[in-house]
>>> print(open('start-v3.pdb').read())   # PDB, C-alpha atoms and all ligand atoms
MODEL        1
ATOM      1  CA  MET G 283      -6.255  42.099  31.887
ATOM      2  CA  PRO G 284      -7.092  38.404  32.320
ATOM      3  CA  LYS G 285      -5.903  36.156  29.539
ATOM      4  CA  SER G 286      -8.325  34.120  27.511
ATOM      5  CA  VAL G 287      -8.670  30.533  28.730
ATOM      6  CA  ALA G 288      -7.132  29.082  25.596
ATOM      7  CA  GLU G 289      -3.808  30.691  26.407
ATOM      8  CA  ALA G 290      -3.022  28.673  29.532
ATOM      9  CA  ARG G 291      -0.276  26.245  28.687
ATOM     10  CA  VAL G 292      -0.422  22.792  30.240
ATOM     11  CA  LEU G 293       2.850  21.021  30.894
ATOM     12  CA  ALA G 294       2.887  17.484  32.289
ATOM     13  CA  VAL G 295       6.048  16.241  33.983
ATOM     14  CA  THR G 296       6.194  12.488  33.683
ATOM     15  CA  SER G 297       8.592   9.537  33.541
ATOM     16  CA  GLY G 298       8.738   5.843  32.818
ATOM     17  CA  LYS G 299      10.585   4.831  35.955
ATOM     18  CA  GLY G 300       9.764   6.214  39.395
ATOM     19  CA  GLY G 301      12.127   8.217  41.555
ATOM     20  CA  VAL G 302      13.932   9.927  38.685
ATOM     21  CA  GLY G 303      13.244  13.492  39.875
ATOM     22  CA  LYS G 304       9.815  14.479  38.481
ATOM     23  CA  THR G 305       8.565  16.211  41.606
ATOM     24  CA  ASN G 306      11.789  18.160  42.079
ATOM     25  CA  VAL G 307      11.844  19.226  38.434
ATOM     26  CA  ALA G 308       8.137  20.162  38.427
ATOM     27  CA  LEU G 309       8.328  22.197  41.624
ATOM     28  CA  ASN G 310      11.538  24.073  40.853
ATOM     29  CA  LEU G 311      10.554  24.693  37.248
ATOM     30  CA  ALA G 312       7.226  26.074  38.441
ATOM     31  CA  ILE G 313       9.032  28.508  40.751
ATOM     32  CA  ALA G 314      11.443  29.566  37.993
ATOM     33  CA  LEU G 315       8.570  30.209  35.568
ATOM     34  CA  ALA G 316       6.696  32.183  38.216
ATOM     35  CA  ASN G 317       9.816  34.272  38.628
ATOM     36  CA  ARG G 318       9.641  35.011  34.901
ATOM     37  CA  VAL G 319       6.295  36.663  35.647
ATOM     38  CA  GLN G 320       4.143  33.753  34.638
ATOM     39  CA  ARG G 321       1.093  32.795  36.686
ATOM     40  CA  VAL G 322       1.853  29.203  37.552
ATOM     41  CA  VAL G 323      -0.347  26.516  39.059
ATOM     42  CA  LEU G 324       1.377  23.302  40.080
ATOM     43  CA  TRP G 325      -0.999  20.357  40.159
ATOM     44  CA  ASP G 326       0.133  17.441  42.291
ATOM     45  CA  ALA G 327      -1.501  14.630  40.349
ATOM     46  CA  ASP G 328       0.583  11.772  41.643
ATOM     47  CA  LEU G 329      -2.086   9.584  43.179
ATOM     48  CA  GLY G 330       0.489   7.680  45.173
ATOM     49  CA  LEU G 331       2.056  10.048  47.634
ATOM     50  CA  ALA G 332       1.201  13.720  47.800
ATOM     51  CA  ASN G 333       4.790  14.720  47.131
ATOM     52  CA  VAL G 334       4.711  18.434  46.468
ATOM     53  CA  GLN G 335       3.107  19.302  49.768
ATOM     54  CA  VAL G 336       5.744  17.291  51.617
ATOM     55  CA  LEU G 337       8.547  19.083  49.778
ATOM     56  CA  MET G 338       6.998  22.460  50.546
ATOM     57  CA  ARG G 339       5.764  21.823  54.129
ATOM     58  CA  LEU G 340       2.235  22.688  53.034
ATOM     59  CA  GLN G 341      -0.922  22.186  55.038
ATOM     60  CA  PRO G 342      -3.723  21.737  52.511
ATOM     61  CA  ARG G 343      -7.152  23.011  53.456
ATOM     62  CA  GLY G 344      -8.746  20.391  51.277
ATOM     63  CA  ASP G 345      -8.169  18.580  48.028
ATOM     64  CA  LEU G 346      -9.965  17.626  44.841
ATOM     65  CA  SER G 347     -12.217  15.182  46.648
ATOM     66  CA  ASP G 348     -13.720  18.171  48.540
ATOM     67  CA  VAL G 349     -14.277  19.938  45.214
ATOM     68  CA  LEU G 350     -16.040  16.885  43.826
ATOM     69  CA  ALA G 351     -18.202  16.653  46.923
ATOM     70  CA  GLU G 352     -19.058  20.341  46.347
ATOM     71  CA  GLN G 353     -17.774  21.145  49.832
ATOM     72  CA  LYS G 354     -15.143  23.515  48.464
ATOM     73  CA  SER G 355     -14.334  25.354  45.247
ATOM     74  CA  ILE G 356     -11.051  24.857  43.423
ATOM     75  CA  ARG G 357     -10.047  28.375  44.449
ATOM     76  CA  GLU G 358     -10.548  27.416  48.091
ATOM     77  CA  ILE G 359      -8.283  24.387  47.879
ATOM     78  CA  LEU G 360      -5.581  26.156  45.830
ATOM     79  CA  ILE G 361      -2.640  26.804  48.131
ATOM     80  CA  ASP G 362      -0.984  30.170  47.730
ATOM     81  CA  THR G 363       2.732  29.895  48.400
ATOM     82  CA  PRO G 364       5.275  32.580  49.257
ATOM     83  CA  VAL G 365       7.297  31.512  46.197
ATOM     84  CA  GLY G 366       4.805  32.799  43.655
ATOM     85  CA  ILE G 367       3.105  29.575  42.608
ATOM     86  CA  LYS G 368      -0.279  28.153  43.498
ATOM     87  CA  ILE G 369      -0.649  24.473  44.203
ATOM     88  CA  VAL G 370      -3.486  22.039  43.656
ATOM     89  CA  PRO G 371      -2.786  19.670  46.517
ATOM     90  CA  GLY G 372      -2.585  15.979  45.806
ATOM     91  CA  ALA G 373      -5.415  13.745  46.886
ATOM     92  CA  SER G 374      -3.419  10.855  48.259
ATOM     93  CA  GLY G 375      -4.602   7.520  46.941
ATOM     94  CA  ASP G 376      -7.702   9.051  45.381
ATOM     95  CA  GLU G 377      -8.574   6.280  42.963
ATOM     96  CA  HIS G 378     -12.044   7.765  42.826
ATOM     97  CA  LEU G 379     -10.910  10.379  40.297
ATOM     98  CA  ALA G 380     -10.787   7.693  37.636
ATOM     99  CA  ASN G 381     -14.437   6.812  38.039
ATOM    100  CA  LEU G 382     -16.651   9.871  38.366
ATOM    101  CA  SER G 383     -20.404  10.189  38.216
ATOM    102  CA  VAL G 384     -22.078  12.499  35.700
ATOM    103  CA  ARG G 385     -22.655  15.180  38.342
ATOM    104  CA  GLU G 386     -19.052  14.941  39.534
ATOM    105  CA  ARG G 387     -17.817  15.287  35.977
ATOM    106  CA  LEU G 388     -19.711  18.525  35.652
ATOM    107  CA  VAL G 389     -18.281  19.815  38.901
ATOM    108  CA  PHE G 390     -14.762  18.822  37.865
ATOM    109  CA  SER G 391     -15.215  20.370  34.459
ATOM    110  CA  GLU G 392     -16.164  23.708  36.034
ATOM    111  CA  ALA G 393     -13.244  23.451  38.440
ATOM    112  CA  ILE G 394     -10.828  22.977  35.554
ATOM    113  CA  ARG G 395     -12.287  25.977  33.770
ATOM    114  CA  ASP G 396     -11.606  28.052  36.898
ATOM    115  CA  LEU G 397      -8.083  26.694  37.117
ATOM    116  CA  VAL G 398      -7.266  27.506  33.513
ATOM    117  CA  GLN G 399      -8.324  31.083  34.145
ATOM    118  CA  GLU G 400      -5.952  31.291  37.114
ATOM    119  CA  ALA G 401      -2.820  30.484  35.159
ATOM    120  CA  ASP G 402      -0.453  31.022  32.254
ATOM    121  CA  PHE G 403       1.122  27.660  33.024
ATOM    122  CA  ILE G 404      -0.433  24.610  34.621
ATOM    123  CA  ILE G 405       2.355  22.207  35.523
ATOM    124  CA  ILE G 406       1.180  18.716  36.354
ATOM    125  CA  ASP G 407       3.365  16.398  38.411
ATOM    126  CA  THR G 408       2.079  13.010  37.260
ATOM    127  CA  GLY G 409       2.874   9.670  38.774
ATOM    128  CA  ALA G 410       5.504   7.464  37.165
ATOM    129  CA  GLY G 411       4.842   4.807  34.605
ATOM    130  CA  ILE G 412       2.273   4.301  31.948
ATOM    131  CA  SER G 413      -0.770   3.843  34.164
ATOM    132  CA  ALA G 414      -4.077   5.242  32.954
ATOM    133  CA  ASN G 415      -3.886   8.137  35.381
ATOM    134  CA  THR G 416      -0.465   9.241  34.229
ATOM    135  CA  THR G 417      -1.257   8.972  30.550
ATOM    136  CA  ASP G 418      -4.567  10.814  30.932
ATOM    137  CA  PHE G 419      -2.723  13.746  32.456
ATOM    138  CA  ALA G 420      -0.081  13.610  29.749
ATOM    139  CA  ARG G 421      -2.825  13.637  27.115
ATOM    140  CA  ALA G 422      -4.234  16.784  28.631
ATOM    141  CA  ALA G 423      -0.960  18.627  28.089
ATOM    142  CA  ASP G 424       0.488  20.842  25.366
ATOM    143  CA  ASP G 425       3.967  19.880  26.470
ATOM    144  CA  VAL G 426       5.096  16.672  28.109
ATOM    145  CA  LEU G 427       8.409  16.724  29.915
ATOM    146  CA  VAL G 428       9.780  13.208  30.186
ATOM    147  CA  VAL G 429      12.351  12.911  32.958
ATOM    148  CA  THR G 430      14.839  10.048  32.973
ATOM    149  CA  THR G 431      18.156   9.153  34.518
ATOM    150  CA  PRO G 432      20.954   7.783  32.305
ATOM    151  CA  GLU G 433      20.463   4.226  33.611
ATOM    152  CA  PRO G 434      19.577   1.770  30.852
ATOM    153  CA  THR G 435      16.422   0.639  32.684
ATOM    154  CA  ALA G 436      15.211   4.224  33.087
ATOM    155  CA  LEU G 437      15.898   4.930  29.402
ATOM    156  CA  VAL G 438      13.887   1.905  28.274
ATOM    157  CA  ASP G 439      11.001   2.942  30.533
ATOM    158  CA  ALA G 440      11.244   6.531  29.279
ATOM    159  CA  TYR G 441      11.019   5.230  25.728
ATOM    160  CA  ALA G 442       7.844   3.323  26.648
ATOM    161  CA  ALA G 443       6.388   6.497  28.171
ATOM    162  CA  ILE G 444       7.268   8.517  25.054
ATOM    163  CA  LYS G 445       5.500   5.940  22.865
ATOM    164  CA  VAL G 446       2.361   6.092  24.976
ATOM    165  CA  VAL G 447       2.322   9.892  24.995
ATOM    166  CA  HIS G 448       2.904   9.991  21.258
ATOM    167  CA  ASN G 449       0.068   7.570  20.526
ATOM    168  CA  GLY G 450      -2.356   9.201  22.946
ATOM    169  CA  ALA G 451      -1.569  12.825  22.195
ATOM    170  CA  PRO G 452       0.023  13.343  18.786
ATOM    171  CA  TRP G 453      -0.377  17.122  19.186
ATOM    172  CA  SER G 454       1.902  17.407  22.220
ATOM    173  CA  ARG G 455       5.517  18.482  22.198
ATOM    174  CA  ILE G 456       7.718  15.997  24.012
ATOM    175  CA  HIS G 457      10.666  17.342  25.956
ATOM    176  CA  LEU G 458      13.426  15.168  27.295
ATOM    177  CA  VAL G 459      15.293  15.883  30.524
ATOM    178  CA  VAL G 460      18.153  13.698  31.701
ATOM    179  CA  ASN G 461      18.527  13.954  35.462
ATOM    180  CA  MET G 462      21.213  12.778  37.885
ATOM    181  CA  ALA G 463      23.878  12.262  35.224
ATOM    182  CA  ARG G 464      27.448  11.995  36.543
ATOM    183  CA  ASP G 465      28.780  14.441  33.981
ATOM    184  CA  GLU G 466      27.867  16.213  30.789
ATOM    185  CA  LYS G 467      29.209  13.353  28.687
ATOM    186  CA  GLU G 468      26.975  10.780  30.336
ATOM    187  CA  ALA G 469      23.961  13.091  29.971
ATOM    188  CA  GLY G 470      24.735  13.617  26.274
ATOM    189  CA  ARG G 471      25.080   9.893  25.622
ATOM    190  CA  ALA G 472      21.759   9.165  27.355
ATOM    191  CA  MET G 473      20.008  11.865  25.321
ATOM    192  CA  LEU G 474      21.360  10.502  22.054
ATOM    193  CA  ARG G 475      20.461   6.954  22.983
ATOM    194  CA  LEU G 476      16.871   7.821  23.758
ATOM    195  CA  GLU G 477      16.630  10.088  20.750
ATOM    196  CA  SER G 478      17.710   7.300  18.409
ATOM    197  CA  MET G 479      15.347   4.798  20.088
ATOM    198  CA  ALA G 480      12.420   7.185  19.710
ATOM    199  CA  ALA G 481      13.345   8.734  16.356
ATOM    200  CA  HIS G 482      11.038   6.629  14.214
ATOM    201  CA  TYR G 483       8.197   7.395  16.591
ATOM    202  CA  VAL G 484       8.446  11.033  17.392
ATOM    203  CA  GLY G 485      11.094  12.356  15.004
ATOM    204  CA  SER G 486      11.642  16.065  15.373
ATOM    205  CA  ARG G 487       8.985  16.340  18.078
ATOM    206  CA  LEU G 488      11.443  15.204  20.730
ATOM    207  CA  ILE G 489      13.020  18.315  22.155
ATOM    208  CA  LYS G 490      16.263  17.728  24.019
ATOM    209  CA  GLU G 491      15.488  20.092  26.838
ATOM    210  CA  GLY G 492      18.643  19.628  28.850
ATOM    211  CA  TYR G 493      20.143  17.823  31.752
ATOM    212  CA  ILE G 494      20.657  18.192  35.473
ATOM    213  CA  LEU G 495      23.758  16.557  36.897
ATOM    214  CA  PHE G 496      23.710  14.606  40.127
ATOM    215  CA  ASP G 497      23.920  17.405  42.668
ATOM    216  CA  HIS G 498      24.051  17.024  46.443
ATOM    217  CA  ALA G 499      22.178  20.326  46.721
ATOM    218  CA  VAL G 500      19.000  18.517  45.590
ATOM    219  CA  GLY G 501      19.110  15.914  48.350
ATOM    220  CA  SER G 502      20.043  18.545  50.944
ATOM    221  CA  ALA G 503      17.124  20.749  49.898
ATOM    222  CA  VAL G 504      14.738  17.780  50.020
ATOM    223  CA  ARG G 505      15.864  17.026  53.566
ATOM    224  CA  GLN G 506      15.208  20.667  54.499
ATOM    225  CA  ARG G 507      11.859  20.426  52.718
ATOM    226  CA  ALA G 508      12.706  23.453  50.593
ATOM    227  CA  PRO G 509      12.947  23.849  46.808
ATOM    228  CA  PHE G 510      16.623  23.674  45.749
ATOM    229  CA  LEU G 511      16.178  26.690  43.496
ATOM    230  CA  LEU G 512      15.734  28.815  46.623
ATOM    231  CA  ALA G 513      17.791  26.862  49.165
ATOM    232  CA  TYR G 514      20.798  26.525  46.825
ATOM    233  CA  PRO G 515      20.388  29.222  44.179
ATOM    234  CA  THR G 516      23.972  28.940  42.942
ATOM    235  CA  SER G 517      23.896  25.147  42.563
ATOM    236  CA  GLN G 518      24.343  23.459  39.224
ATOM    237  CA  ALA G 519      20.833  22.017  39.544
ATOM    238  CA  ALA G 520      19.363  25.498  40.038
ATOM    239  CA  SER G 521      21.089  26.949  36.985
ATOM    240  CA  ALA G 522      19.917  23.962  34.916
ATOM    241  CA  ILE G 523      16.329  24.719  35.962
ATOM    242  CA  TRP G 524      16.622  28.410  35.021
ATOM    243  CA  LYS G 525      17.913  27.407  31.605
ATOM    244  CA  MET G 526      15.023  24.974  31.184
ATOM    245  CA  ALA G 527      12.442  27.581  32.173
ATOM    246  CA  ASP G 528      13.782  30.084  29.655
ATOM    247  CA  SER G 529      13.940  27.479  26.934
ATOM    248  CA  LEU G 530      10.341  26.416  27.637
ATOM    249  CA  LEU G 531       9.195  29.998  27.348
ATOM    250  CA  LYS G 532      10.841  30.136  23.927
ATOM    251  CA  THR G 533       9.168  26.941  22.674
ATOM    252  CA  ARG G 534       5.701  28.447  23.088
ATOM    253  CA  ASP G 535       5.872  29.374  19.421
ATOM    254  CA  LEU G 536       7.863  26.457  18.153
ATOM    255  CA  PRO G 537       7.754  25.834  14.390
ATOM    256  CA  LYS G 538       4.806  23.754  13.279
ATOM    257  CA  GLU G 539       6.855  20.714  12.259
ATOM    258  CA  ALA G 540       7.630  20.202  15.939
ATOM    259  CA  ARG G 541       3.994  19.253  16.390
ATOM    260  CA  ALA G 542       2.658  16.355  14.404
ATOM    261  CA  GLU G 543      -0.885  17.512  13.759
ATOM    262  CA  PRO G 544      -1.282  21.012  15.129
ATOM    263  CA  ALA G 545      -4.558  21.548  13.337
ATOM    264  CA  LYS G 546      -6.146  18.610  15.096
ATOM    265  CA  ALA G 547      -5.042  19.574  18.573
ATOM    266  CA  PRO G 548      -8.093  20.088  20.766
ATOM    267  CA  GLY G 549      -8.335  23.172  22.947
ATOM    268  CA  VAL G 550      -7.007  23.196  26.445
ATOM    269  CA  LEU G 551     -10.421  22.817  28.103
ATOM    270  CA  GLU G 552     -11.345  19.944  25.862
ATOM    271  CA  ARG G 553      -8.067  18.207  26.615
ATOM    272  CA  LEU G 554      -8.354  18.724  30.341
ATOM    273  CA  ARG G 555     -11.815  17.252  30.156
ATOM    274  CA  THR G 556     -10.272  14.008  28.870
ATOM    275  CA  LEU G 557      -9.198  13.654  32.491
ATOM    276  CA  LEU G 558     -12.821  12.876  33.133
ATOM    277  CA  GLY G 559     -12.545   9.764  31.051
ATOM    278  CA  GLY G 560     -14.475  11.135  28.072
ATOM    279  CA  GLU G 561     -13.021  11.697  24.626
TER
HETATM  280  N1  LIG K   1      19.767  16.082  40.168
HETATM  281  C1  LIG K   1      19.711  15.383  41.316
HETATM  282  N2  LIG K   1      20.831  15.185  42.042
HETATM  283  C2  LIG K   1      20.788  14.475  43.195
HETATM  284  N3  LIG K   1      19.688  13.908  43.687
HETATM  285  C3  LIG K   1      18.533  14.070  43.014
HETATM  286  C4  LIG K   1      18.483  14.817  41.797
HETATM  287  N4  LIG K   1      17.200  14.812  41.350
HETATM  288  C5  LIG K   1      16.493  14.092  42.257
HETATM  289  N5  LIG K   1      17.289  13.644  43.242
HETATM  290  C6  LIG K   1      16.889  12.820  44.401
HETATM  291  O1  LIG K   1      16.053  11.786  43.964
HETATM  292  C7  LIG K   1      14.959  11.612  44.838
HETATM  293  C8  LIG K   1      13.696  11.419  44.004
HETATM  294  O2  LIG K   1      13.318  12.661  43.418
HETATM  295  P1  LIG K   1      11.780  13.007  43.146
HETATM  296  O3  LIG K   1      10.983  12.767  44.368
HETATM  297  O4  LIG K   1      11.758  14.367  42.574
HETATM  298  O5  LIG K   1      11.477  11.897  42.061
HETATM  299  P2  LIG K   1      10.050  11.483  41.436
HETATM  300  O6  LIG K   1      10.327  11.087  40.029
HETATM  301  O7  LIG K   1       9.063  12.544  41.667
HETATM  302  O8  LIG K   1       9.701  10.214  42.316
HETATM  303  P3  LIG K   1       8.271   9.439  42.345
HETATM  304  O9  LIG K   1       8.234   8.612  41.088
HETATM  305  O10 LIG K   1       8.378   8.616  43.587
HETATM  306  O11 LIG K   1       7.192  10.475  42.397
HETATM  307  C9  LIG K   1      14.888  12.846  45.715
HETATM  308  O12 LIG K   1      14.870  12.468  47.046
HETATM  309  C10 LIG K   1      16.105  13.644  45.412
HETATM  310  O13 LIG K   1      16.886  13.810  46.560
HETATM  311 MG    MG K   2       7.156  12.483  42.597
ENDMDL
END
>>> encode(input="start-v3.pdb", output="structure tokens")
Amino acid sequence: MPKSVAEARVLAVTSGKGGVGKTNVALNLAIALANRVQRVVLWDADLGLANVQVLMRLQPRGDLSDVLAEQKSIREILIDTPVGIKIVPGASGDEHLANLSVRERLVFSEAIRDLVQEADFIIIDTGAGISANTTDFARAADDVLVVTTPEPTALVDAYAAIKVVHNGAPWSRIHLVVNMARDEKEAGRAMLRLESMAAHYVGSRLIKEGYILFDHAVGSAVRQRAPFLLAYPTSQAASAIWKMADSLLKTRDLPKEARAEPAKAPGVLERLRTLLGGE
């Protein structure tokens, strides 16, 4: 039986600094969740480079600009993959999304409604940084996964991203992932550092989701243009992703104090419509 639209969970994967592993985390997490019998749509919303399709060797039949032009429906541009996830292909450099006409907003709104009905999870791979595009997508989410490396510069930028997400979307749960740490100790230190920086802002809403160590399997998989979860299923990075997927499934019903103002959280459709620039 199809689920009601309100049940689709939107998870934005974001970061302060670029190149910290968002696309790899988003893609592999999406595959792991699909394997846990979730219907997963991965939305490549990085307006810079259409990353996901490069990593997956995908040939899109269209993108969101075709939906807006009413040439194609969202179902027609969704790419079905053999790994159990569907992908909304990125519209490379599509600045137009930030400035839609009234008619286009309606079209987009309908498209999002369709998308929400397709999925239990919508995972959005946002661009890096605190640009309007990235923060709009983060505001549309129930859960925001902030990816950082242990480098001091990445931590400071992650803190800035957490602040922006907190201010824009006080209802969201913020998850922290430390990627490319040399060892467990370094990952732990980075987590604690960011947690103490952000404590007065987000308090108990910051969920220390876990870490992925620097793992050559990730780079090798990227070069093969295959998700590391499948290309290197026994790698450390792959087991970290499985753990993360299972933990995310458990946080669906997290205690209320983990969300600042649960009562005020708008519904998923309403939040996704904020992508249209409205409130
Ligand atoms: N755990 C890891 N171990 C080793 N290398 C990694 C790891 N995670 C990511 N990388 C490497 O870092 C590079 C950047 O990763 P990715 O493209 O996922 O980052 P991103 O945050 O999406 O970047 P952008 O901001 O450009 O979109 C990849 O080429 C990958 O090889
Ligand atoms: Mg990316």
>>> closest_residue(input="start-v3.pdb", among="G:Ile489, G:Ile406, G:Val292, G:Ile361", to="ligand MG 2 (chain K)", atoms="only C-alpha atoms and all ligand atoms")
G:Ile406
>>> closest_atom_pairs(input="start-v3.pdb", of="chain G", to="ligand LIG 1 (chain K)", cutoff="10 Å", atoms="all atoms listed in the file", output="CSV")
residue,atom,partner,partner_atom,distance
G:Val295,CA,K:LIG1,O6,9.0
G:Thr296,CA,K:LIG1,O6,7.7
G:Ser297,CA,K:LIG1,O6,6.9
G:Gly298,CA,K:LIG1,O9,8.7
G:Lys299,CA,K:LIG1,O9,6.8
G:Gly300,CA,K:LIG1,O9,3.3
G:Gly301,CA,K:LIG1,O8,3.2
G:Val302,CA,K:LIG1,O6,4.0
G:Gly303,CA,K:LIG1,O4,3.2
G:Lys304,CA,K:LIG1,O6,3.8
G:Thr305,CA,K:LIG1,O7,3.7
G:Asn306,CA,K:LIG1,O4,3.8
G:Val307,CA,K:LIG1,O4,6.4
G:Ala308,CA,K:LIG1,O4,8.0
G:Leu309,CA,K:LIG1,O4,8.6
G:Asn310,CA,K:LIG1,O4,9.9
G:Asp326,CA,K:LIG1,O11,9.9
G:Ala327,CA,K:LIG1,O11,9.9
G:Asp328,CA,K:LIG1,O11,6.8
G:Leu329,CA,K:LIG1,O11,9.4
G:Gly330,CA,K:LIG1,O11,7.8
G:Leu331,CA,K:LIG1,O11,7.3
G:Ala332,CA,K:LIG1,O11,8.7
G:Asn333,CA,K:LIG1,O11,6.8
G:Val334,CA,K:LIG1,O3,8.7
G:Leu337,CA,K:LIG1,O3,8.7
G:Asp407,CA,K:LIG1,O7,7.6
G:Thr408,CA,K:LIG1,O11,7.7
G:Gly409,CA,K:LIG1,O11,5.7
G:Ala410,CA,K:LIG1,O9,4.9
G:Gly411,CA,K:LIG1,O9,8.2
G:Val429,CA,K:LIG1,O6,7.6
G:Thr430,CA,K:LIG1,O6,8.4
G:Thr431,CA,K:LIG1,N4,8.9
G:Val460,CA,K:LIG1,N1,8.9
G:Asn461,CA,K:LIG1,N1,5.3
G:Met462,CA,K:LIG1,N1,4.3
G:Ala463,CA,K:LIG1,N1,7.5
G:Arg464,CA,K:LIG1,N2,9.2
G:Tyr493,CA,K:LIG1,N1,8.6
G:Ile494,CA,K:LIG1,N1,5.2
G:Leu495,CA,K:LIG1,N1,5.2
G:Phe496,CA,K:LIG1,N2,3.5
G:Asp497,CA,K:LIG1,N2,3.9
G:His498,CA,K:LIG1,C2,5.3
G:Ala499,CA,K:LIG1,C2,7.0
G:Val500,CA,K:LIG1,C2,5.0
G:Gly501,CA,K:LIG1,O13,3.5
G:Ser502,CA,K:LIG1,O13,7.2
G:Ala503,CA,K:LIG1,O13,7.7
G:Val504,CA,K:LIG1,O13,5.7
G:Arg505,CA,K:LIG1,O13,7.8
G:Phe510,CA,K:LIG1,C4,9.9
G:Gln518,CA,K:LIG1,N1,8.7
G:Ala519,CA,K:LIG1,N1,6.1
G:Ala520,CA,K:LIG1,N1,9.4
G:Ala522,CA,K:LIG1,N1,9.5
>>> residues_around(input="start-v3.pdb", residues="Val447 in chain G", least_positions_apart="3", cutoff="9 Å", atoms="all atoms listed in the file", output="JSON, numbers by chain")
{"G": [412, 417, 420, 421, 426, 442, 443, 444, 450, 451, 452, 454, 456]}
>>> closest_residue(input="start-v3.pdb", among="G:Gln335, G:Val550, G:Val365, G:Thr516", to="ligand MG 2 (chain K)", atoms="only C-alpha atoms and all ligand atoms")
G:Gln335
>>> residues_near_point(input="start-v3.pdb", point="(0.6, 22.6, 52.9)", cutoff="12 Å", atoms="all atoms listed in the file", output="PDB file with C-alpha atoms, keeping the file's coordinate frame")
ATOM      1  CA  ASP G 326       0.133  17.441  42.291  1.00  0.00           C
ATOM      2  CA  ALA G 332       1.201  13.720  47.800  1.00  0.00           C
ATOM      3  CA  ASN G 333       4.790  14.720  47.131  1.00  0.00           C
ATOM      4  CA  VAL G 334       4.711  18.434  46.468  1.00  0.00           C
ATOM      5  CA  GLN G 335       3.107  19.302  49.768  1.00  0.00           C
ATOM      6  CA  VAL G 336       5.744  17.291  51.617  1.00  0.00           C
ATOM      7  CA  LEU G 337       8.547  19.083  49.778  1.00  0.00           C
ATOM      8  CA  MET G 338       6.998  22.460  50.546  1.00  0.00           C
ATOM      9  CA  ARG G 339       5.764  21.823  54.129  1.00  0.00           C
ATOM     10  CA  LEU G 340       2.235  22.688  53.034  1.00  0.00           C
ATOM     11  CA  GLN G 341      -0.922  22.186  55.038  1.00  0.00           C
ATOM     12  CA  PRO G 342      -3.723  21.737  52.511  1.00  0.00           C
ATOM     13  CA  ARG G 343      -7.152  23.011  53.456  1.00  0.00           C
ATOM     14  CA  GLY G 344      -8.746  20.391  51.277  1.00  0.00           C
ATOM     15  CA  ASP G 345      -8.169  18.580  48.028  1.00  0.00           C
ATOM     16  CA  ILE G 359      -8.283  24.387  47.879  1.00  0.00           C
ATOM     17  CA  LEU G 360      -5.581  26.156  45.830  1.00  0.00           C
ATOM     18  CA  ILE G 361      -2.640  26.804  48.131  1.00  0.00           C
ATOM     19  CA  ASP G 362      -0.984  30.170  47.730  1.00  0.00           C
ATOM     20  CA  THR G 363       2.732  29.895  48.400  1.00  0.00           C
ATOM     21  CA  PRO G 364       5.275  32.580  49.257  1.00  0.00           C
ATOM     22  CA  LYS G 368      -0.279  28.153  43.498  1.00  0.00           C
ATOM     23  CA  ILE G 369      -0.649  24.473  44.203  1.00  0.00           C
ATOM     24  CA  VAL G 370      -3.486  22.039  43.656  1.00  0.00           C
ATOM     25  CA  PRO G 371      -2.786  19.670  46.517  1.00  0.00           C
ATOM     26  CA  GLY G 372      -2.585  15.979  45.806  1.00  0.00           C
ATOM     27  CA  ARG G 507      11.859  20.426  52.718  1.00  0.00           C
TER      28      ARG G 507
END
>>> resolve_selection(input="start-v3.pdb", expression="the PyMOL selection byres (((chain G and resi 477) around 12) and not hetatm)", output="number ranges by chain")
G: 437-438, 440-441, 444, 456-460, 470-476, 478-491
>>> residues_around(input="start-v3.pdb", residues="range 388-397 of chain G", least_positions_apart="6", cutoff="9 Å", atoms="only C-alpha atoms", output="list in words")
Val287, Val323, Leu346, Val349, Leu350, Ala351, Glu352, Ser355, Ile356, Arg357, Ile404, Leu551, Leu554, Arg555 and Leu558 of chain G
>>> write_last_selection(input="start-v3.pdb", atoms="C-alpha atoms", output="PDB file, in the frame of the given file")
ATOM      1  CA  VAL G 287      -8.670  30.533  28.730  1.00  0.00           C
ATOM      2  CA  VAL G 323      -0.347  26.516  39.059  1.00  0.00           C
ATOM      3  CA  LEU G 346      -9.965  17.626  44.841  1.00  0.00           C
ATOM      4  CA  VAL G 349     -14.277  19.938  45.214  1.00  0.00           C
ATOM      5  CA  LEU G 350     -16.040  16.885  43.826  1.00  0.00           C
ATOM      6  CA  ALA G 351     -18.202  16.653  46.923  1.00  0.00           C
ATOM      7  CA  GLU G 352     -19.058  20.341  46.347  1.00  0.00           C
ATOM      8  CA  SER G 355     -14.334  25.354  45.247  1.00  0.00           C
ATOM      9  CA  ILE G 356     -11.051  24.857  43.423  1.00  0.00           C
ATOM     10  CA  ARG G 357     -10.047  28.375  44.449  1.00  0.00           C
ATOM     11  CA  ILE G 404      -0.433  24.610  34.621  1.00  0.00           C
ATOM     12  CA  LEU G 551     -10.421  22.817  28.103  1.00  0.00           C
ATOM     13  CA  LEU G 554      -8.354  18.724  30.341  1.00  0.00           C
ATOM     14  CA  ARG G 555     -11.815  17.252  30.156  1.00  0.00           C
ATOM     15  CA  LEU G 558     -12.821  12.876  33.133  1.00  0.00           C
TER      16      LEU G 558
END
